[in-house]
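Peer 1: Can you keep this structure in mind? I'll have questions shortly.
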Amino acid sequence: MMPILQIGPVALPFPSLLVLLGIWLGLTLAERHISRFHLSADQLFNLVLIGLISGLVGARLAYVIRYPQAFAGSLLDIFSRDLGLFDPFIGAVVGVLSAAIYAQHKRFPLLSTLDALTPGLAVFALALALSHLASGNAFGAPANLPWSLELWGVRRHPSQIYETLASALILGYLWPGRKLVDKLKPGGYFLHFTTLTSAARLVLEGFRGDSAPLPGGLRAAQVVAWIIFAICLYAVNRIKSQPKLD
Amino acid sequence: MDARLGRKFTHIILLLAGALWIWFSRITPQDALAGNIIAPRPGFQAPDFDLPTSQGAQIALSSLRGQPVIINLWASWCPPCREEMPALQKVYDSYHEQGLEILAVNATSQDDVQAAIEFSTRLGLTFPILFDRDSRVSRLFQLQSLPTTYFVGRDGLIQEVVVGGPMAEALLRIRVERLLGVPSP
């Protein structure tokens with residue numbers, strides 16, 4: 001665990017830095033292989049930039065709209081660099097929607113665009129897992145196994161290590177330099193990533209100690225992952241029975 | 001069996017296996033023990049401590065059970081700590097009557113008591129300033145960076161940890177209203 005990176009007098013939040021690094025490396029990798037997906041590097045960069053900026057604005061606006069009285073006495077806090085004043089879920093929704101609207105406006109081919117984003121998403125997933133390892137978030141359920149780790153008062157499943165290994169394996173399997181990518185129909189590359197990631201989440205969430213519960217003790221993230229996994233399998237059947245078109 | 005049927009059959013088996021795993025790995029009471037374990041992170045019991053104040057009194061965190069508490073670890077030489085103190089005071093003025101307590105725990109082993117007292121007097125801070133002379137509380141809370149702020153609920157559970165600063169006043173108000181259980185406007 002390394003929540004803070006101390007460089008001289010400056011204390012930097014290491015997990016957040018890893019996420020930023022993941023975005024940068026992911027975008028770089030995606031741009032390097034962009035020619036295979038019928039898009040240009042500029043188009044991809046603009047798409048990601050619009051998604052990120054609108055996501056940030058949406059995440060902050062959601063907070064301001066939800067808690068107007070908290071900002072009433074300190075209007076400048078609307079522009080605060082405080083990360084706690086962002087709504088990540090709304091930010092993600094606004095970011096994805098804005099990028100989708102931009103892509104449609106510019107007439108980007110949908111399936112190829114999703115494929116082009118896939119290497120970046122796979123790198124980002126790995127960076128997110130490493131950020132969990134650094135922060136101690138997404139910790140495991142109590143377990144007394146030979147490979148359990150002492151964390152937050154008890155021995156636990158090393159869920160962050162499971163997550164990192166799974167993300168690394170998915171990235172390795174879907175590495176854009178592999179011939180696998182050329183053999184897939186448009187959208188197939190993204191579908192592979194989504195299928196594997198949802199399956200990994202479905203399995204690994206069962207070892208977590210911080211899952212959001214549903215009635216009956218079911219884990220919310222597992223149920224969502226199962227639904228996405230089912231949609232992916234349905235799409236795999238559809239895509240395999242269609243001719244190669246985009 | 002042709003390939004298409006074989007694929008569909010495999011997918012159904014995978015989905016059934018997934019559904020079974022969801023059922024078998026559901027949350028048990030043992031998994032939900034976080035609230036009984038003491039650790040300096042959200043969802044866990046805040047470590048208890050007992051420290052002297054600048055007025056010479058002693059304050060124990062456990063004596064404040066039933067009240068929402070903000071624990072702010074700070075030092076007088078740390079710029080973001082100094083910058084967020086006025087916001088903490090404003091929030092204290094607004095919510096102290098509703099039960100909010102703020103404990104400003106000075107990391108005295110890396111600060112100067114006199115400088116801390118002068119700073120708090122100059123700003124007119126009215127919440128208790130506590131002195132962690134032997135770093136016991138810093139160690140209990142696994143302090144990595146100054147300032148670090150813990151939002152503790154009436155049940156003694158840590159609801160949120162903010163590492164670094166300065167915290168915006170709006171963020172403090174939102175977190176305090178959550179601690180107090182005040183519905184959002």
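Letters A, B, ... mark the chains of the structure tokens in the order given; residue numbers begin at 1 per chain; ligand numbers begin at 1, in order shown.
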What's around segment 102-117 of chain B at 8 Å? Count only C-alpha atoms, leave out sequence neighbours fewer than 6 positions away in its own chain, and write the answer as a PDB file with N, CA and C atoms, in the first residue's frame.
Peer 2:
ATOM      1  N   SER B  54      -5.396  22.390  24.480  1.00  0.00           N
ATOM      2  CA  SER B  54      -4.617  23.598  24.767  1.00  0.00           C
ATOM      3  C   SER B  54      -5.103  24.267  26.054  1.00  0.00           C
ATOM      4  N   VAL B  69     -18.273  13.501  14.657  1.00  0.00           N
ATOM      5  CA  VAL B  69     -16.983  14.135  14.990  1.00  0.00           C
ATOM      6  C   VAL B  69     -16.130  14.252  13.718  1.00  0.00           C
ATOM      7  N   ILE B  70     -15.488  15.407  13.563  1.00  0.00           N
ATOM      8  CA  ILE B  70     -14.461  15.556  12.526  1.00  0.00           C
ATOM      9  C   ILE B  70     -13.112  15.552  13.239  1.00  0.00           C
ATOM     10  N   ILE B  71     -12.230  14.638  12.850  1.00  0.00           N
ATOM     11  CA  ILE B  71     -10.870  14.615  13.413  1.00  0.00           C
ATOM     12  C   ILE B  71      -9.939  15.135  12.326  1.00  0.00           C
ATOM     13  N   ASN B  72      -9.307  16.267  12.610  1.00  0.00           N
ATOM     14  CA  ASN B  72      -8.410  16.878  11.621  1.00  0.00           C
ATOM     15  C   ASN B  72      -6.987  16.847  12.156  1.00  0.00           C
ATOM     16  N   LEU B  73      -6.105  16.082  11.491  1.00  0.00           N
ATOM     17  CA  LEU B  73      -4.705  16.030  11.897  1.00  0.00           C
ATOM     18  C   LEU B  73      -3.946  17.115  11.139  1.00  0.00           C
ATOM     19  N   TRP B  74      -3.271  17.970  11.872  1.00  0.00           N
ATOM     20  CA  TRP B  74      -2.690  19.151  11.252  1.00  0.00           C
ATOM     21  C   TRP B  74      -1.388  19.561  11.926  1.00  0.00           C
ATOM     22  N   ALA B  75      -0.707  20.539  11.301  1.00  0.00           N
ATOM     23  CA  ALA B  75       0.471  21.173  11.915  1.00  0.00           C
ATOM     24  C   ALA B  75       0.479  22.636  11.490  1.00  0.00           C
ATOM     25  N   SER B  76       1.049  23.490  12.346  1.00  0.00           N
ATOM     26  CA  SER B  76       0.964  24.936  12.079  1.00  0.00           C
ATOM     27  C   SER B  76       1.849  25.370  10.907  1.00  0.00           C
ATOM     28  N   TRP B  77       2.859  24.550  10.569  1.00  0.00           N
ATOM     29  CA  TRP B  77       3.758  24.921   9.457  1.00  0.00           C
ATOM     30  C   TRP B  77       3.229  24.453   8.095  1.00  0.00           C
ATOM     31  N   TYR B  92     -17.935  24.616  12.063  1.00  0.00           N
ATOM     32  CA  TYR B  92     -18.129  24.381  13.498  1.00  0.00           C
ATOM     33  C   TYR B  92     -19.174  25.374  14.042  1.00  0.00           C
ATOM     34  N   PHE B 127     -12.906  25.422  18.425  1.00  0.00           N
ATOM     35  CA  PHE B 127     -13.000  23.971  18.663  1.00  0.00           C
ATOM     36  C   PHE B 127     -11.715  23.501  19.347  1.00  0.00           C
ATOM     37  N   PRO B 128     -11.772  22.346  20.020  1.00  0.00           N
ATOM     38  CA  PRO B 128     -10.611  21.905  20.798  1.00  0.00           C
ATOM     39  C   PRO B 128      -9.385  21.612  19.922  1.00  0.00           C
ATOM     40  N   ILE B 129      -8.233  22.130  20.378  1.00  0.00           N
ATOM     41  CA  ILE B 129      -6.947  21.805  19.746  1.00  0.00           C
ATOM     42  C   ILE B 129      -6.278  20.779  20.666  1.00  0.00           C
ATOM     43  N   LEU B 130      -5.985  19.606  20.137  1.00  0.00           N
ATOM     44  CA  LEU B 130      -5.375  18.538  20.947  1.00  0.00           C
ATOM     45  C   LEU B 130      -3.916  18.350  20.527  1.00  0.00           C
ATOM     46  N   PHE B 131      -3.083  17.941  21.480  1.00  0.00           N
ATOM     47  CA  PHE B 131      -1.658  17.819  21.181  1.00  0.00           C
ATOM     48  C   PHE B 131      -1.207  16.360  21.224  1.00  0.00           C
ATOM     49  N   ASP B 132      -0.776  15.883  20.070  1.00  0.00           N
ATOM     50  CA  ASP B 132      -0.301  14.505  19.943  1.00  0.00           C
ATOM     51  C   ASP B 132       1.233  14.545  20.049  1.00  0.00           C
ATOM     52  N   ARG B 133       1.709  14.643  21.305  1.00  0.00           N
ATOM     53  CA  ARG B 133       3.154  14.877  21.516  1.00  0.00           C
ATOM     54  C   ARG B 133       4.001  13.671  21.134  1.00  0.00           C
ATOM     55  N   ASP B 134       3.494  12.449  21.379  1.00  0.00           N
ATOM     56  CA  ASP B 134       4.329  11.264  21.141  1.00  0.00           C
ATOM     57  C   ASP B 134       3.936  10.525  19.853  1.00  0.00           C
ATOM     58  N   SER B 135       3.185  11.166  18.979  1.00  0.00           N
ATOM     59  CA  SER B 135       2.776  10.595  17.672  1.00  0.00           C
ATOM     60  C   SER B 135       1.898   9.360  17.803  1.00  0.00           C
ATOM     61  N   SER B 138      -1.076   9.782  15.537  1.00  0.00           N
ATOM     62  CA  SER B 138      -0.625   9.742  14.130  1.00  0.00           C
ATOM     63  C   SER B 138      -0.381   8.304  13.701  1.00  0.00           C
TER      64      SER B 138
END
Peer 1: Counting only C-alpha atoms, which residues of chain A come no farther than 7 Å from chain B, as a PyMOL selection string?
Peer 2: chain A and resi 4+11+67+69-71+74+77+80+82+84-85+141-142+152-153+206+209+217-219+222+226+230+233
Peer 1: One decimal, Å: what's the distance from atom CA of Ser112 of chain A over to atom CA of Ile50 of chain A, could you say?
Peer 2: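 If I compute the distance from atom CA of Ser112 of chain A to atom CA of Ile50 of chain A, I get 18.2 Å.
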Peer 1: I'd like the contact shell of Ser54 of chain A - 10 Å cut-off, only C-alpha atoms, skipping same-chain residues fewer than 3 positions apart - returned as an NGL selection string.
Peer 2: :A and (48-51 or 57-60 or 91-99)
Peer 1: One decimal, Å: what's the distance from atom CA of Leu126 of chain A over to atom CA of Ser167 of chain A, could you say?
Peer 2: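 For atom CA of Leu126 of chain A relative to atom CA of Ser167 of chain A, the distance reads 5.0 Å.
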Peer 1: Using only C-alpha atoms, pick whichever of B:Gln67, B:Gln58, B:Thr121, B:Gln159 has the shortest atom-to-atom distance to Gly35 of chain B.
Peer 2: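 Nearest candidate to Gly35 of chain B out of B:Gln67, B:Gln58, B:Thr121, B:Gln159: B:Gln159.
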Peer 1: Do you have the atom CA of Gln55 of chain B-atom CA of Leu140 of chain B distance handy?
Peer 2: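 So the answer is 23.6 Å.
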Peer 1: Pick out each residue of segment 87-175 of chain B that DSSP on the backbone tags as alpha helix (DSSP H); I need them as a VMD selection string.
Peer 2: chain B and resid 87 to 95 113 to 123 136 to 140 169 to 175
Peer 1: Would you list, as a list in words, the residues of segment 17-203 of chain A that end up in strand (DSSP E) under DSSP run on this structure's backbone?
Peer 2: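 Selection result, strand (DSSP E) within segment 17-203 of chain A: Leu149, Glu150, Leu151, Val154, Arg155 and Arg156 of chain A.
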Peer 1: Since we have the selection now, will you write its residues out, keeping N, CA and C atoms, as a compact mmCIF listing (two decimals), in the first residue's frame?
Peer 2:
# COMPACT_ATOMS: atom_id res chain seq x y z
N LEU A 149 -3.49 -11.66 3.03
CA LEU A 149 -2.66 -10.54 3.48
C LEU A 149 -3.34 -9.86 4.68
N GLU A 150 -2.53 -9.37 5.61
CA GLU A 150 -3.05 -8.62 6.74
C GLU A 150 -3.36 -7.20 6.26
N LEU A 151 -4.64 -6.85 6.30
CA LEU A 151 -5.03 -5.51 5.86
C LEU A 151 -6.26 -5.06 6.64
N VAL A 154 -7.42 -7.44 9.81
CA VAL A 154 -7.55 -8.91 9.72
C VAL A 154 -6.86 -9.43 8.44
N ARG A 155 -6.66 -10.77 8.41
CA ARG A 155 -6.12 -11.38 7.20
C ARG A 155 -7.24 -11.48 6.16
N ARG A 156 -6.93 -11.09 4.94
CA ARG A 156 -7.96 -10.98 3.91
C ARG A 156 -7.49 -11.58 2.58
Peer 1: Skipping near chain neighbours, those fewer than 3 positions away, what residues fall within 10 Å of His33 of chain A using only C-alpha atoms, listed as a PyMOL selection string?
Peer 2: chain A and resi 28-30+36-37+39-41+116+119+176-177
Peer 1: Might you pull out every residue within 9 Å of Tyr95 of chain B, with only C-alpha atoms counted and same-chain residues fewer than 3 positions away left off, and present them as a list of chain:residue names?
Peer 2: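 Those residues are B:Lys90, B:Val91, B:Tyr92, B:Gln98, B:Gly99, B:Leu100, B:Glu101, B:Arg173, B:Val176, B:Glu177, B:Leu180.
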Peer 1: Export, as a compact mmCIF listing (two decimals), in the first residue's frame, the selected residues with N, CA and C atoms.
Peer 2:
# COMPACT_ATOMS: atom_id res chain seq x y z
N LYS B 90 -15.87 27.89 10.34
CA LYS B 90 -17.21 28.28 9.87
C LYS B 90 -18.20 27.13 10.02
N VAL B 91 -17.75 25.94 9.66
CA VAL B 91 -18.62 24.77 9.74
C VAL B 91 -18.92 24.45 11.21
N TYR B 92 -17.93 24.62 12.06
CA TYR B 92 -18.13 24.38 13.50
C TYR B 92 -19.17 25.37 14.04
N GLN B 98 -25.89 21.61 16.70
CA GLN B 98 -26.60 20.37 16.31
C GLN B 98 -25.82 19.13 16.74
N GLY B 99 -24.72 19.31 17.43
CA GLY B 99 -24.00 18.17 17.98
C GLY B 99 -22.64 17.90 17.37
N LEU B 100 -22.29 18.65 16.30
CA LEU B 100 -21.00 18.38 15.65
C LEU B 100 -19.83 18.77 16.57
N GLU B 101 -18.84 17.90 16.63
CA GLU B 101 -17.61 18.23 17.36
C GLU B 101 -16.44 18.14 16.38
N ARG B 173 -19.35 21.15 4.44
CA ARG B 173 -20.78 21.27 4.77
C ARG B 173 -21.56 20.03 4.31
N VAL B 176 -20.67 17.11 6.59
CA VAL B 176 -21.24 17.27 7.94
C VAL B 176 -22.74 17.00 7.91
N GLU B 177 -23.41 17.48 6.87
CA GLU B 177 -24.85 17.24 6.79
C GLU B 177 -25.14 15.75 6.67
N LEU B 180 -24.71 14.36 10.14
CA LEU B 180 -25.82 14.73 11.02
C LEU B 180 -27.14 14.09 10.58
Peer 1: Ranking A:Phe139, A:Gly55, A:His192, A:Val123 by minimum distance to Leu180 of chain A and counting only C-alpha atoms, which one comes first?
Peer 2: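 So, comparing all the options, the nearest one is A:His192.
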Peer 1: So which residues touch Tyr162 of chain A within 8 Å, counting only C-alpha atoms, skipping near sequence neighbours fewer than 4 positions away, as a PyMOL selection string?
Peer 2: chain A and resi 158+166+204
Peer 1: How would the residues just picked look written out with C-alpha atoms as a compact mmCIF listing (two decimals), in the first residue's frame?
Peer 2:
# COMPACT_ATOMS: atom_id res chain seq x y z
CA PRO A 158 -5.58 -10.08 -1.61
CA ALA A 166 -6.91 -10.45 -14.07
CA LEU A 204 -13.54 -11.62 -8.24
Peer 1: Please list as a ChimeraX atom specification every residue within 9 Å of Leu123 of chain B, counting only C-alpha atoms and excluding residues in the same chain fewer than 6 positions away.
Peer 2: /B:85-86,89
